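Trainee: Contents of start.cif (mmCIF, C-alpha atoms (C1' of nucleotides)):
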```cif
data_input
#
loop_
_atom_site.group_PDB
_atom_site.id
_atom_site.type_symbol
_atom_site.label_atom_id
_atom_site.label_comp_id
_atom_site.auth_asym_id
_atom_site.auth_seq_id
_atom_site.Cartn_x
_atom_site.Cartn_y
_atom_site.Cartn_z
ATOM 1 C CA MET A 27 0.000 0.000 0.000
ATOM 2 C CA ALA A 28 1.036 3.572 -0.502
ATOM 3 C CA LYS A 29 1.479 5.007 2.942
ATOM 4 C CA THR A 30 3.129 8.138 1.639
ATOM 5 C CA LYS A 31 0.893 11.074 0.969
ATOM 6 C CA LEU A 32 0.261 11.308 -2.737
ATOM 7 C CA PRO A 33 0.893 14.571 -4.554
ATOM 8 C CA LYS A 34 -2.594 15.258 -5.883
ATOM 9 C CA PRO A 35 -2.742 18.142 -8.317
ATOM 10 C CA GLY A 36 -4.774 20.859 -6.661
ATOM 11 C CA LYS A 37 -3.447 19.937 -3.254
ATOM 12 C CA PRO A 38 -0.241 21.119 -1.624
ATOM 13 C CA VAL A 39 2.664 18.707 -2.080
ATOM 14 C CA ARG A 40 6.062 18.242 -0.556
ATOM 15 C CA GLY A 41 7.832 21.571 -0.640
ATOM 16 C CA SER A 42 5.051 23.440 -2.397
ATOM 17 C CA SER A 43 1.694 24.719 -1.272
ATOM 18 C CA THR A 44 0.584 26.284 -4.515
ATOM 19 C CA GLY A 45 -1.460 23.288 -5.605
ATOM 20 C CA LYS A 46 -0.179 23.668 -9.144
ATOM 21 C CA PRO A 47 -0.528 20.430 -11.090
ATOM 22 C CA ILE A 48 3.019 20.681 -12.366
ATOM 23 C CA MET A 49 4.222 20.590 -8.766
ATOM 24 C CA ALA A 50 2.281 17.417 -8.133
ATOM 25 C CA LEU A 51 3.796 15.952 -11.252
ATOM 26 C CA ILE A 52 7.294 16.982 -10.216
ATOM 27 C CA ASP A 53 6.750 15.472 -6.800
ATOM 28 C CA LEU A 54 5.511 12.225 -8.281
ATOM 29 C CA MET A 55 8.237 11.948 -10.893
ATOM 30 C CA GLY A 56 10.869 12.686 -8.308
ATOM 31 C CA ARG A 57 10.067 9.446 -6.535
ATOM 32 C CA ARG A 58 12.458 6.668 -7.297
ATOM 33 C CA TRP A 59 11.283 4.129 -9.856
ATOM 34 C CA ILE A 60 8.203 6.017 -10.959
ATOM 35 C CA LEU A 61 9.723 7.163 -14.224
ATOM 36 C CA ARG A 62 11.433 3.865 -14.730
ATOM 37 C CA ILE A 63 8.219 1.921 -14.294
ATOM 38 C CA LEU A 64 6.397 4.141 -16.767
ATOM 39 C CA TRP A 65 9.303 3.684 -19.159
ATOM 40 C CA GLU A 66 9.331 -0.091 -18.886
ATOM 41 C CA LEU A 67 5.614 -0.243 -19.555
ATOM 42 C CA ARG A 68 5.993 1.670 -22.800
ATOM 43 C CA CYS A 69 5.889 -1.442 -24.987
ATOM 44 C CA GLY A 70 2.829 -3.033 -23.437
ATOM 45 C CA PRO A 71 1.634 -4.815 -20.321
ATOM 46 C CA LEU A 72 4.010 -6.619 -17.987
ATOM 47 C CA THR A 73 3.277 -8.925 -15.099
ATOM 48 C CA PHE A 74 4.322 -7.916 -11.631
ATOM 49 C CA ARG A 75 7.374 -10.119 -11.777
ATOM 50 C CA ALA A 76 8.293 -9.192 -15.322
ATOM 51 C CA LEU A 77 8.124 -5.557 -14.356
ATOM 52 C CA GLN A 78 10.254 -6.279 -11.354
ATOM 53 C CA ASP A 79 12.870 -7.917 -13.562
ATOM 54 C CA ALA A 80 12.698 -5.105 -16.097
ATOM 55 C CA CYS A 81 13.528 -2.684 -13.329
ATOM 56 C CA GLY A 82 16.578 -4.623 -12.312
ATOM 57 C CA GLY A 83 14.930 -6.551 -9.508
ATOM 58 C CA LEU A 84 13.696 -3.801 -7.264
ATOM 59 C CA SER A 85 12.028 -4.975 -4.088
ATOM 60 C CA PRO A 86 8.456 -6.118 -4.457
ATOM 61 C CA SER A 87 7.410 -3.934 -1.560
ATOM 62 C CA VAL A 88 8.618 -0.810 -3.288
ATOM 63 C CA LEU A 89 7.223 -1.902 -6.631
ATOM 64 C CA ASN A 90 3.889 -2.584 -5.079
ATOM 65 C CA GLY A 91 3.893 0.808 -3.448
ATOM 66 C CA ARG A 92 4.755 2.559 -6.685
ATOM 67 C CA LEU A 93 2.111 0.669 -8.600
ATOM 68 C CA ALA A 94 -0.449 1.709 -6.024
ATOM 69 C CA GLU A 95 0.601 5.319 -6.491
ATOM 70 C CA LEU A 96 0.450 5.080 -10.270
ATOM 71 C CA ARG A 97 -2.955 3.460 -10.078
ATOM 72 C CA GLU A 98 -4.260 6.146 -7.784
ATOM 73 C CA MET A 99 -2.927 8.795 -10.113
ATOM 74 C CA ALA A 100 -4.617 7.069 -13.023
ATOM 75 C CA LEU A 101 -1.380 6.546 -14.904
ATOM 76 C CA ALA A 102 -1.244 2.764 -14.723
ATOM 77 C CA GLY A 103 -3.577 -0.094 -13.945
ATOM 78 C CA THR A 104 -4.129 -3.786 -14.347
ATOM 79 C CA GLU A 105 -5.498 -5.347 -17.471
ATOM 80 C CA ALA A 106 -5.161 -8.567 -19.405
ATOM 81 C CA GLY A 107 -1.464 -9.373 -19.449
ATOM 82 C CA GLY A 108 -0.599 -7.595 -16.253
ATOM 83 C CA TYR A 109 0.126 -3.991 -15.469
ATOM 84 C CA ALA A 110 -0.213 -1.428 -18.205
ATOM 85 C CA LEU A 111 -0.332 2.286 -18.798
ATOM 86 C CA THR A 112 -3.690 3.970 -18.875
ATOM 87 C CA PRO A 113 -4.411 6.297 -21.802
ATOM 88 C CA LEU A 114 -3.356 9.136 -19.528
ATOM 89 C CA GLY A 115 -0.152 7.332 -18.674
ATOM 90 C CA GLN A 116 0.583 6.720 -22.317
ATOM 91 C CA GLU A 117 0.109 10.382 -23.004
ATOM 92 C CA LEU A 118 2.573 11.279 -20.313
ATOM 93 C CA LEU A 119 5.097 8.827 -21.646
ATOM 94 C CA THR A 120 4.696 10.286 -25.106
ATOM 95 C CA GLN A 121 5.931 13.564 -23.732
ATOM 96 C CA PHE A 122 9.039 11.792 -22.605
ATOM 97 C CA THR A 123 9.981 10.161 -25.839
ATOM 98 C CA PRO A 124 11.855 13.219 -27.137
ATOM 99 C CA LEU A 125 13.884 13.108 -23.945
ATOM 100 C CA SER A 126 15.502 9.955 -25.198
ATOM 101 C CA ILE A 127 16.918 11.839 -28.133
ATOM 102 C CA TRP A 128 18.006 14.739 -25.991
ATOM 103 C CA ALA A 129 19.733 12.289 -23.649
ATOM 104 C CA GLU A 130 21.867 11.000 -26.512
ATOM 105 C CA LYS A 131 23.043 14.496 -27.260
ATOM 106 C CA TRP A 132 23.624 15.148 -23.586
ATOM 107 C CA ALA A 133 25.688 11.992 -23.327
ATOM 108 C CA LYS A 134 27.999 13.154 -26.073
ATOM 109 C CA ALA A 135 28.315 16.573 -24.491
ATOM 110 C CA ILE A 136 29.386 15.469 -21.044
ATOM 111 C CA ARG A 137 31.487 12.485 -21.925
ATOM 112 C CA MET B 12 29.730 16.836 -2.084
ATOM 113 C CA ALA B 13 27.851 14.159 -3.905
ATOM 114 C CA LYS B 14 28.735 10.896 -2.262
ATOM 115 C CA THR B 15 26.183 8.948 -4.262
ATOM 116 C CA LYS B 16 27.365 7.446 -7.492
ATOM 117 C CA LEU B 17 26.217 9.622 -10.340
ATOM 118 C CA PRO B 18 24.325 8.092 -13.252
ATOM 119 C CA LYS B 19 26.679 8.928 -16.072
ATOM 120 C CA PRO B 20 25.267 8.184 -19.492
ATOM 121 C CA GLY B 21 27.355 5.420 -20.966
ATOM 122 C CA LYS B 22 27.852 3.826 -17.572
ATOM 123 C CA PRO B 23 25.542 1.410 -15.792
ATOM 124 C CA VAL B 24 23.203 3.101 -13.346
ATOM 125 C CA ARG B 25 20.963 2.002 -10.523
ATOM 126 C CA GLY B 26 18.844 -0.829 -11.781
ATOM 127 C CA SER B 27 20.178 -0.782 -15.329
ATOM 128 C CA SER B 28 23.415 -1.940 -16.879
ATOM 129 C CA THR B 29 22.695 -0.984 -20.467
ATOM 130 C CA GLY B 30 24.509 2.322 -20.272
ATOM 131 C CA LYS B 31 21.744 3.970 -22.267
ATOM 132 C CA PRO B 32 21.703 7.716 -21.731
ATOM 133 C CA ILE B 33 17.966 7.714 -21.156
ATOM 134 C CA MET B 34 18.531 5.411 -18.190
ATOM 135 C CA ALA B 35 21.042 7.801 -16.722
ATOM 136 C CA LEU B 36 18.547 10.599 -17.193
ATOM 137 C CA ILE B 37 15.776 8.585 -15.582
ATOM 138 C CA ASP B 38 18.021 7.777 -12.658
ATOM 139 C CA LEU B 39 18.991 11.405 -12.215
ATOM 140 C CA MET B 40 15.465 12.753 -12.555
ATOM 141 C CA GLY B 41 14.198 10.163 -10.117
ATOM 142 C CA ARG B 42 16.203 11.761 -7.345
ATOM 143 C CA ARG B 43 14.200 13.979 -5.102
ATOM 144 C CA TRP B 44 14.515 17.714 -5.732
ATOM 145 C CA ILE B 45 16.432 17.416 -8.995
ATOM 146 C CA LEU B 46 13.447 18.259 -11.157
ATOM 147 C CA ARG B 47 12.252 20.850 -8.725
ATOM 148 C CA ILE B 48 15.591 22.616 -8.687
ATOM 149 C CA LEU B 49 15.729 22.704 -12.472
ATOM 150 C CA TRP B 50 12.204 24.030 -12.476
ATOM 151 C CA GLU B 51 12.908 26.792 -9.982
ATOM 152 C CA LEU B 52 15.896 27.928 -11.978
ATOM 153 C CA ARG B 53 13.797 28.353 -15.109
ATOM 154 C CA CYS B 54 13.439 32.119 -14.703
ATOM 155 C CA GLY B 55 17.070 32.904 -14.056
ATOM 156 C CA PRO B 56 19.797 32.604 -11.440
ATOM 157 C CA LEU B 57 19.036 32.186 -7.769
ATOM 158 C CA THR B 58 21.326 32.343 -4.778
ATOM 159 C CA PHE B 59 21.784 29.272 -2.654
ATOM 160 C CA ARG B 60 19.389 30.543 -0.055
ATOM 161 C CA ALA B 61 16.852 31.843 -2.531
ATOM 162 C CA LEU B 62 16.853 28.466 -4.183
ATOM 163 C CA GLN B 63 16.433 26.833 -0.832
ATOM 164 C CA ASP B 64 13.411 29.013 -0.125
ATOM 165 C CA ALA B 65 11.975 28.426 -3.573
ATOM 166 C CA CYS B 66 12.089 24.716 -2.871
ATOM 167 C CA GLY B 67 10.177 25.102 0.335
ATOM 168 C CA GLY B 68 13.186 25.154 2.613
ATOM 169 C CA LEU B 69 14.829 21.864 1.858
ATOM 170 C CA SER B 70 17.915 21.100 3.903
ATOM 171 C CA PRO B 71 21.086 22.812 2.781
ATOM 172 C CA SER B 72 22.953 19.533 2.886
ATOM 173 C CA VAL B 73 20.598 17.978 0.370
ATOM 174 C CA LEU B 74 20.497 21.081 -1.774
ATOM 175 C CA ASN B 75 24.241 21.244 -1.818
ATOM 176 C CA GLY B 76 24.429 17.611 -2.838
ATOM 177 C CA ARG B 77 21.928 18.082 -5.635
ATOM 178 C CA LEU B 78 23.706 21.151 -6.902
ATOM 179 C CA ALA B 79 26.941 19.213 -6.994
ATOM 180 C CA GLU B 80 25.238 16.525 -9.031
ATOM 181 C CA LEU B 81 23.706 19.018 -11.426
ATOM 182 C CA ARG B 82 27.048 20.720 -11.825
ATOM 183 C CA GLU B 83 28.788 17.454 -12.534
ATOM 184 C CA MET B 84 26.145 16.581 -15.094
ATOM 185 C CA ALA B 85 26.621 19.975 -16.699
ATOM 186 C CA LEU B 86 23.013 20.991 -16.170
ATOM 187 C CA ALA B 87 23.586 23.797 -13.696
ATOM 188 C CA GLY B 88 26.453 25.920 -12.477
ATOM 189 C CA THR B 89 27.367 29.144 -10.743
ATOM 190 C CA GLU B 90 27.425 32.457 -12.452
ATOM 191 C CA ALA B 91 26.786 36.079 -11.590
ATOM 192 C CA GLY B 92 23.645 36.127 -9.490
ATOM 193 C CA GLY B 93 24.024 32.644 -8.077
ATOM 194 C CA TYR B 94 23.143 29.251 -9.451
ATOM 195 C CA ALA B 95 21.817 28.981 -12.956
ATOM 196 C CA LEU B 96 21.057 26.481 -15.664
ATOM 197 C CA THR B 97 23.703 25.767 -18.236
ATOM 198 C CA PRO B 98 22.647 25.869 -21.893
ATOM 199 C CA LEU B 99 22.272 22.108 -21.650
ATOM 200 C CA GLY B 100 20.134 22.462 -18.574
ATOM 201 C CA GLN B 101 17.954 25.025 -20.270
ATOM 202 C CA GLU B 102 17.468 22.676 -23.164
ATOM 203 C CA LEU B 103 16.352 19.932 -20.833
ATOM 204 C CA LEU B 104 13.936 22.228 -19.098
ATOM 205 C CA THR B 105 12.516 23.272 -22.438
ATOM 206 C CA GLN B 106 11.510 19.692 -22.999
ATOM 207 C CA PHE B 107 9.560 19.869 -19.783
ATOM 208 C CA THR B 108 7.547 22.939 -20.504
ATOM 209 C CA PRO B 109 4.818 21.035 -22.382
ATOM 210 C CA LEU B 110 4.481 18.857 -19.305
ATOM 211 C CA SER B 111 3.029 21.807 -17.484
ATOM 212 C CA ILE B 112 0.157 21.900 -19.942
ATOM 213 C CA TRP B 113 -0.314 18.164 -19.796
ATOM 214 C CA ALA B 114 -0.392 18.368 -16.002
ATOM 215 C CA GLU B 115 -3.328 20.765 -16.154
ATOM 216 C CA LYS B 116 -5.279 18.317 -18.241
ATOM 217 C CA TRP B 117 -4.261 15.485 -15.970
ATOM 218 C CA ALA B 118 -5.430 17.443 -12.947
ATOM 219 C CA LYS B 119 -8.880 17.841 -14.435
ATOM 220 C CA ALA B 120 -9.035 14.178 -15.327
ATOM 221 C CA ILE B 121 -8.260 12.760 -11.915
ATOM 222 C CA ARG B 122 -10.004 15.278 -9.741
ATOM 223 C "C1'" DT C 23 34.197 48.126 13.051
ATOM 224 C "C1'" DC C 24 29.811 46.030 13.011
ATOM 225 C "C1'" DC C 25 26.329 43.825 10.955
ATOM 226 C "C1'" DA C 26 23.684 41.209 7.880
ATOM 227 C "C1'" DA C 27 23.555 38.092 4.061
ATOM 228 C "C1'" DT C 28 25.612 34.110 1.819
ATOM 229 C "C1'" DG C 29 27.447 29.506 1.002
ATOM 230 C "C1'" DC C 30 28.152 25.785 3.170
ATOM 231 C "C1'" DT C 31 29.402 21.842 6.787
ATOM 232 C "C1'" DA C 32 27.988 18.879 10.758
ATOM 233 C "C1'" DC C 33 25.024 16.262 13.264
ATOM 234 C "C1'" DT C 34 20.743 13.660 14.703
ATOM 235 C "C1'" DA C 35 16.118 11.982 13.657
ATOM 236 C "C1'" DT C 36 12.993 10.159 10.399
ATOM 237 C "C1'" DT C 37 11.697 8.266 6.147
ATOM 238 C "C1'" DT C 38 12.543 5.629 2.213
ATOM 239 C "C1'" DC C 39 14.720 1.943 -0.201
ATOM 240 C "C1'" DA C 40 17.232 -2.621 -0.720
ATOM 241 C "C1'" DG C 41 17.294 -7.438 -0.074
ATOM 242 C "C1'" DT C 42 15.539 -11.637 1.289
ATOM 243 C "C1'" DA C 43 12.003 -15.007 2.709
ATOM 244 C "C1'" DG C 44 7.809 -16.794 2.159
ATOM 245 C "C1'" DC C 45 2.645 -17.333 1.686
ATOM 246 C "C1'" DA C 46 -2.077 -17.603 -0.681
ATOM 247 C "C1'" DA C 47 -4.416 -17.735 -4.978
ATOM 248 C "C1'" DA C 48 -4.531 -18.779 -9.717
ATOM 249 C "C1'" DA C 49 -2.981 -21.131 -13.626
ATOM 250 C "C1'" DA C 50 -0.688 -24.898 -15.924
ATOM 251 C "C1'" DA C 51 0.772 -29.588 -16.096
ATOM 252 C "C1'" DG C 52 0.193 -34.305 -15.411
ATOM 253 C "C1'" DC D 29 -8.560 -34.222 -9.633
ATOM 254 C "C1'" DT D 30 -3.839 -33.762 -7.797
ATOM 255 C "C1'" DT D 31 0.698 -31.746 -8.212
ATOM 256 C "C1'" DT D 32 3.730 -28.121 -9.701
ATOM 257 C "C1'" DT D 33 4.645 -23.461 -11.224
ATOM 258 C "C1'" DT D 34 3.779 -19.011 -11.612
ATOM 259 C "C1'" DT D 35 2.046 -14.839 -9.903
ATOM 260 C "C1'" DG D 36 0.948 -11.056 -6.820
ATOM 261 C "C1'" DC D 37 1.933 -9.694 -2.801
ATOM 262 C "C1'" DT D 38 3.165 -9.090 2.551
ATOM 263 C "C1'" DA D 39 6.692 -9.102 6.289
ATOM 264 C "C1'" DC D 40 10.834 -8.202 8.151
ATOM 265 C "C1'" DT D 41 15.766 -6.377 8.748
ATOM 266 C "C1'" DG D 42 19.503 -3.587 7.513
ATOM 267 C "C1'" DA D 43 21.261 0.207 4.639
ATOM 268 C "C1'" DA D 44 20.792 4.524 2.493
ATOM 269 C "C1'" DA D 45 18.681 8.918 1.561
ATOM 270 C "C1'" DT D 46 16.308 12.887 3.224
ATOM 271 C "C1'" DA D 47 14.480 16.222 6.818
ATOM 272 C "C1'" DG D 48 15.500 19.485 10.259
ATOM 273 C "C1'" DT D 49 18.326 22.306 12.943
ATOM 274 C "C1'" DA D 50 22.585 24.609 14.440
ATOM 275 C "C1'" DG D 51 26.320 27.070 13.384
ATOM 276 C "C1'" DC D 52 30.778 28.671 11.172
ATOM 277 C "C1'" DA D 53 33.742 31.222 7.679
ATOM 278 C "C1'" DT D 54 33.579 34.588 4.162
ATOM 279 C "C1'" DT D 55 31.900 38.639 1.749
ATOM 280 C "C1'" DG D 56 30.224 43.095 1.168
ATOM 281 C "C1'" DG D 57 28.260 46.958 2.686
ATOM 282 C "C1'" DA D 58 26.855 50.716 6.443
#
```
Would you write the structure of this file as structure tokens?

Mentor:
Amino acid sequence: MAKTKLPKPGKPVRGSSTGKPIMALIDLMGRRWILRILWELRCGPLTFRALQDACGGLSPSVLNGRLAELREMALAGTEAGGYALTPLGQELLTQFTPLSIWAEKWAKAIR
Amino acid sequence: MAKTKLPKPGKPVRGSSTGKPIMALIDLMGRRWILRILWELRCGPLTFRALQDACGGLSPSVLNGRLAELREMALAGTEAGGYALTPLGQELLTQFTPLSIWAEKWAKAIR
DNA sequence: TCCAATGCTACTATTTCAGTAGCAAAAAAG
DNA sequence: CTTTTTTGCTACTGAAATAGTAGCATTGGA
């Protein structure tokens, strides 16, 4: 279960009381594994254990917690085949795809 | 100083040994305050303490650590007026601007 | 010289994460 | 219908990261 207070847009979050949705998003994305889980689900549903493996074997307790958070934020859910992104989650991930290209450029710049 | 191993693109990072730059980016962004700090620097340089305030008063030890990481990753640095984004950092932040719009939509959807 | 602001270090308390073990339910195999 | 496997998940312990507070050395005015 997610025992940590979730950063609902419209509500104050850690370090910000403005209630701005972007702050909630920043709070959520700043939690370890959240981005990674979204990323690993980009190609379709994965079972709990497959997702765990894809993330390098993170602890099931943490994974379970993160999945609960993502479910509550309507970004992921269960369906045939295991866990998968919701339409909203897919939209969010779409925004991240260009980051992959930027990261390549960044890699060259700092190496 | 940053005592935690930094996720250099090209090197294995936490939970991933592929060395893909996007994984390094995901690792970095998944650290608390990193995104927030980038975000708060979007309008120009801030002093250490101003940045601390902007982030809701996070501990100076953590802020200092994050700044060291961002410096090492060439995303932020010091200049006249305090800490500021590097050109690379500004580019990254640019990629995030659309997220703010998406977050508004997301907020409406889950409220 | 005094004072306030700045950048930062040090230290303790709390929270979060890692790592492992294992159980109940469902599915697959025989 | 049993016997295995697989799956989703909980529990527990130790390690690591973060929060929160205090304070010091330096800088740049008044």

Trainee: List the residues matched by the PyMOL selection byres ((chain B) within 8 of (chain A)) in the displayed structure as a ChimeraX atom specification, ordered by chain and then by residue number.

Mentor: /B:19-21,26-27,32-33,36-38,40-47,66-69,84-85,99,103,106,109-111,113-115,117-118,121-122

Trainee: Would you list the contacts of Ala110 of chain A as a tab-separated table (two decimals) with C-alpha atoms, in the frame of the given file, taking every protein, DNA or RNA residue within 12 Å and counting all atoms listed in the file, but skipping same-chain residues closer than 5 positions in sequence?

Mentor:
```tsv
chain	number	residue	atom	x	y	z
A	63	ILE	CA	8.22	1.92	-14.29
A	64	LEU	CA	6.40	4.14	-16.77
A	65	TRP	CA	9.30	3.68	-19.16
A	66	GLU	CA	9.33	-0.09	-18.89
A	67	LEU	CA	5.61	-0.24	-19.56
A	68	ARG	CA	5.99	1.67	-22.80
A	69	CYS	CA	5.89	-1.44	-24.99
A	70	GLY	CA	2.83	-3.03	-23.44
A	71	PRO	CA	1.63	-4.82	-20.32
A	72	LEU	CA	4.01	-6.62	-17.99
A	73	THR	CA	3.28	-8.93	-15.10
A	74	PHE	CA	4.32	-7.92	-11.63
A	76	ALA	CA	8.29	-9.19	-15.32
A	77	LEU	CA	8.12	-5.56	-14.36
A	93	LEU	CA	2.11	0.67	-8.60
A	96	LEU	CA	0.45	5.08	-10.27
A	97	ARG	CA	-2.96	3.46	-10.08
A	100	ALA	CA	-4.62	7.07	-13.02
A	101	LEU	CA	-1.38	6.55	-14.90
A	102	ALA	CA	-1.24	2.76	-14.72
A	103	GLY	CA	-3.58	-0.09	-13.94
A	104	THR	CA	-4.13	-3.79	-14.35
A	105	GLU	CA	-5.50	-5.35	-17.47
A	115	GLY	CA	-0.15	7.33	-18.67
A	116	GLN	CA	0.58	6.72	-22.32
```

Trainee: Neighbours of Pro71 of chain B within 8 Å (all atoms listed in the file; same-chain residues fewer than 4 positions away dropped), as an mmCIF file with C-alpha atoms (C1' of nucleotides), keeping the file's coordinate frame?

Mentor:
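Final output, saved to part-v9.cif:
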```cif
data_model
loop_
_atom_site.group_PDB
_atom_site.id
_atom_site.type_symbol
_atom_site.label_atom_id
_atom_site.label_comp_id
_atom_site.auth_asym_id
_atom_site.auth_seq_id
_atom_site.Cartn_x
_atom_site.Cartn_y
_atom_site.Cartn_z
ATOM 1 C CA GLN B 63 16.433 26.833 -0.832
ATOM 2 C CA ASN B 75 24.241 21.244 -1.818
ATOM 3 C "C1'" DC C 30 28.152 25.785 3.170
#
```

Trainee: Using all atoms listed in the file, which residue out of D:DC29, D:DC37, D:DA50, D:DA58 lies closest to chain B?

Mentor: D:DA50

Trainee: Residues of chain D within 10 Å of chain B, counting all atoms listed in the file, what are they? List them as a list in words.

Mentor: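 The selection requested is DA44, DA45, DT46, DA47, DG48 and DT49 of chain D.
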
Trainee: Spell out the residues picked by the PyMOL selection byres ((chain C) within 9 of (chain B)) here, as a list in words.

Mentor: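 Checked against the file, the PyMOL selection byres ((chain C) within 9 of (chain B)) matches DT28, DG29, DC30 and DT31 of chain C.
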
Trainee: Would you save the residues of that selection, restricted to C-alpha atoms (C1' of nucleotides), as a short mmCIF file (atom, residue, chain, number, x, y, z; two decimals), keeping the file's coordinate frame?

Mentor:
```
data_model
loop_
_atom_site.label_atom_id
_atom_site.label_comp_id
_atom_site.auth_asym_id
_atom_site.auth_seq_id
_atom_site.Cartn_x
_atom_site.Cartn_y
_atom_site.Cartn_z
"C1'" DT C 28 25.61 34.11 1.82
"C1'" DG C 29 27.45 29.51 1.00
"C1'" DC C 30 28.15 25.78 3.17
"C1'" DT C 31 29.40 21.84 6.79
#
```

Trainee: Rounded to one decimal, what separation in Å do you get between atom C1' of DC45 of chain C and atom C1' of DA43 of chain D?

Mentor: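 Pair atom C1' of DC45 of chain C / atom C1' of DA43 of chain D returns 25.7 Å.
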
Trainee: Just the number, please: distance in Å from atom CA of Lys22 of chain B to atom C1' of DA40 of chain C, one decimal.

Mentor: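 About the pair atom CA of Lys22 of chain B and atom C1' of DA40 of chain C: they are 20.9 Å apart.
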
Trainee: To verify the selection step, state as an MDAnalysis selection string which residues the PyMOL selection byres ((chain D and resi 39-41) around 10) yields on this input.

Mentor: (chainID A and resid 87) or (chainID C and resid 41:44) or (chainID D and resid 38 42:43)

Trainee: Between atom CA of Gly76 of chain B and atom C1' of DT37 of chain C, what distance in Å does the model show, to one decimal?

Mentor: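 About the pair atom CA of Gly76 of chain B and atom C1' of DT37 of chain C: they are 18.2 Å apart.
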
Trainee: Build an axis-aligned box that encloses every atom of segment 40-56 of chain A listed in the file, pad it by 6 Å on each side, and report its centre and edge lengths in Å to one decimal, as AutoDock Vina command-line options.

Mentor:
```
--center_x 4.7 --center_y 19.1 --center_z -6.5 --size_x 24.3 --size_y 26.3 --size_z 23.8
```

Trainee: Got a minute to add N, CA and C atoms to segment 121-137 of chain A and dump it as a PDB file, keeping the file's coordinate frame?

Mentor:
```pdb
ATOM      1  N   GLN A 121       5.191  12.317 -23.942  1.00  0.00           N
ATOM      2  CA  GLN A 121       5.931  13.564 -23.732  1.00  0.00           C
ATOM      3  C   GLN A 121       7.402  13.298 -23.448  1.00  0.00           C
ATOM      4  N   PHE A 122       7.671  12.097 -22.994  1.00  0.00           N
ATOM      5  CA  PHE A 122       9.039  11.792 -22.605  1.00  0.00           C
ATOM      6  C   PHE A 122       9.891  11.247 -23.737  1.00  0.00           C
ATOM      7  N   THR A 123       9.236  10.781 -24.758  1.00  0.00           N
ATOM      8  CA  THR A 123       9.981  10.161 -25.839  1.00  0.00           C
ATOM      9  C   THR A 123      11.082  11.067 -26.407  1.00  0.00           C
ATOM     10  N   PRO A 124      10.783  12.357 -26.627  1.00  0.00           N
ATOM     11  CA  PRO A 124      11.855  13.219 -27.137  1.00  0.00           C
ATOM     12  C   PRO A 124      13.051  13.291 -26.200  1.00  0.00           C
ATOM     13  N   LEU A 125      12.787  13.041 -24.918  1.00  0.00           N
ATOM     14  CA  LEU A 125      13.884  13.108 -23.945  1.00  0.00           C
ATOM     15  C   LEU A 125      14.954  12.092 -24.269  1.00  0.00           C
ATOM     16  N   SER A 126      14.546  11.001 -24.856  1.00  0.00           N
ATOM     17  CA  SER A 126      15.502   9.955 -25.198  1.00  0.00           C
ATOM     18  C   SER A 126      16.518  10.474 -26.196  1.00  0.00           C
ATOM     19  N   ILE A 127      16.030  11.261 -27.130  1.00  0.00           N
ATOM     20  CA  ILE A 127      16.918  11.839 -28.133  1.00  0.00           C
ATOM     21  C   ILE A 127      17.824  12.891 -27.502  1.00  0.00           C
ATOM     22  N   TRP A 128      17.210  13.718 -26.665  1.00  0.00           N
ATOM     23  CA  TRP A 128      18.006  14.739 -25.991  1.00  0.00           C
ATOM     24  C   TRP A 128      19.111  14.089 -25.163  1.00  0.00           C
ATOM     25  N   ALA A 129      18.774  12.971 -24.518  1.00  0.00           N
ATOM     26  CA  ALA A 129      19.733  12.289 -23.649  1.00  0.00           C
ATOM     27  C   ALA A 129      20.959  11.827 -24.440  1.00  0.00           C
ATOM     28  N   GLU A 130      20.748  11.425 -25.665  1.00  0.00           N
ATOM     29  CA  GLU A 130      21.867  11.000 -26.512  1.00  0.00           C
ATOM     30  C   GLU A 130      22.830  12.171 -26.733  1.00  0.00           C
ATOM     31  N   LYS A 131      22.247  13.290 -27.029  1.00  0.00           N
ATOM     32  CA  LYS A 131      23.043  14.496 -27.260  1.00  0.00           C
ATOM     33  C   LYS A 131      23.793  14.893 -25.989  1.00  0.00           C
ATOM     34  N   TRP A 132      23.066  14.811 -24.903  1.00  0.00           N
ATOM     35  CA  TRP A 132      23.624  15.148 -23.586  1.00  0.00           C
ATOM     36  C   TRP A 132      24.814  14.239 -23.282  1.00  0.00           C
ATOM     37  N   ALA A 133      24.634  12.964 -23.586  1.00  0.00           N
ATOM     38  CA  ALA A 133      25.688  11.992 -23.327  1.00  0.00           C
ATOM     39  C   ALA A 133      26.969  12.373 -24.054  1.00  0.00           C
ATOM     40  N   LYS A 134      26.819  12.768 -25.298  1.00  0.00           N
ATOM     41  CA  LYS A 134      27.999  13.154 -26.073  1.00  0.00           C
ATOM     42  C   LYS A 134      28.646  14.392 -25.477  1.00  0.00           C
ATOM     43  N   ALA A 135      27.807  15.297 -24.986  1.00  0.00           N
ATOM     44  CA  ALA A 135      28.315  16.573 -24.491  1.00  0.00           C
ATOM     45  C   ALA A 135      29.119  16.428 -23.201  1.00  0.00           C
ATOM     46  N   ILE A 136      28.716  15.529 -22.350  1.00  0.00           N
ATOM     47  CA  ILE A 136      29.386  15.469 -21.044  1.00  0.00           C
ATOM     48  C   ILE A 136      30.405  14.356 -20.953  1.00  0.00           C
ATOM     49  N   ARG A 137      30.519  13.582 -22.017  1.00  0.00           N
ATOM     50  CA  ARG A 137      31.487  12.485 -21.925  1.00  0.00           C
ATOM     51  C   ARG A 137      32.887  12.972 -22.229  1.00  0.00           C
TER      52      ARG A 137
END
```
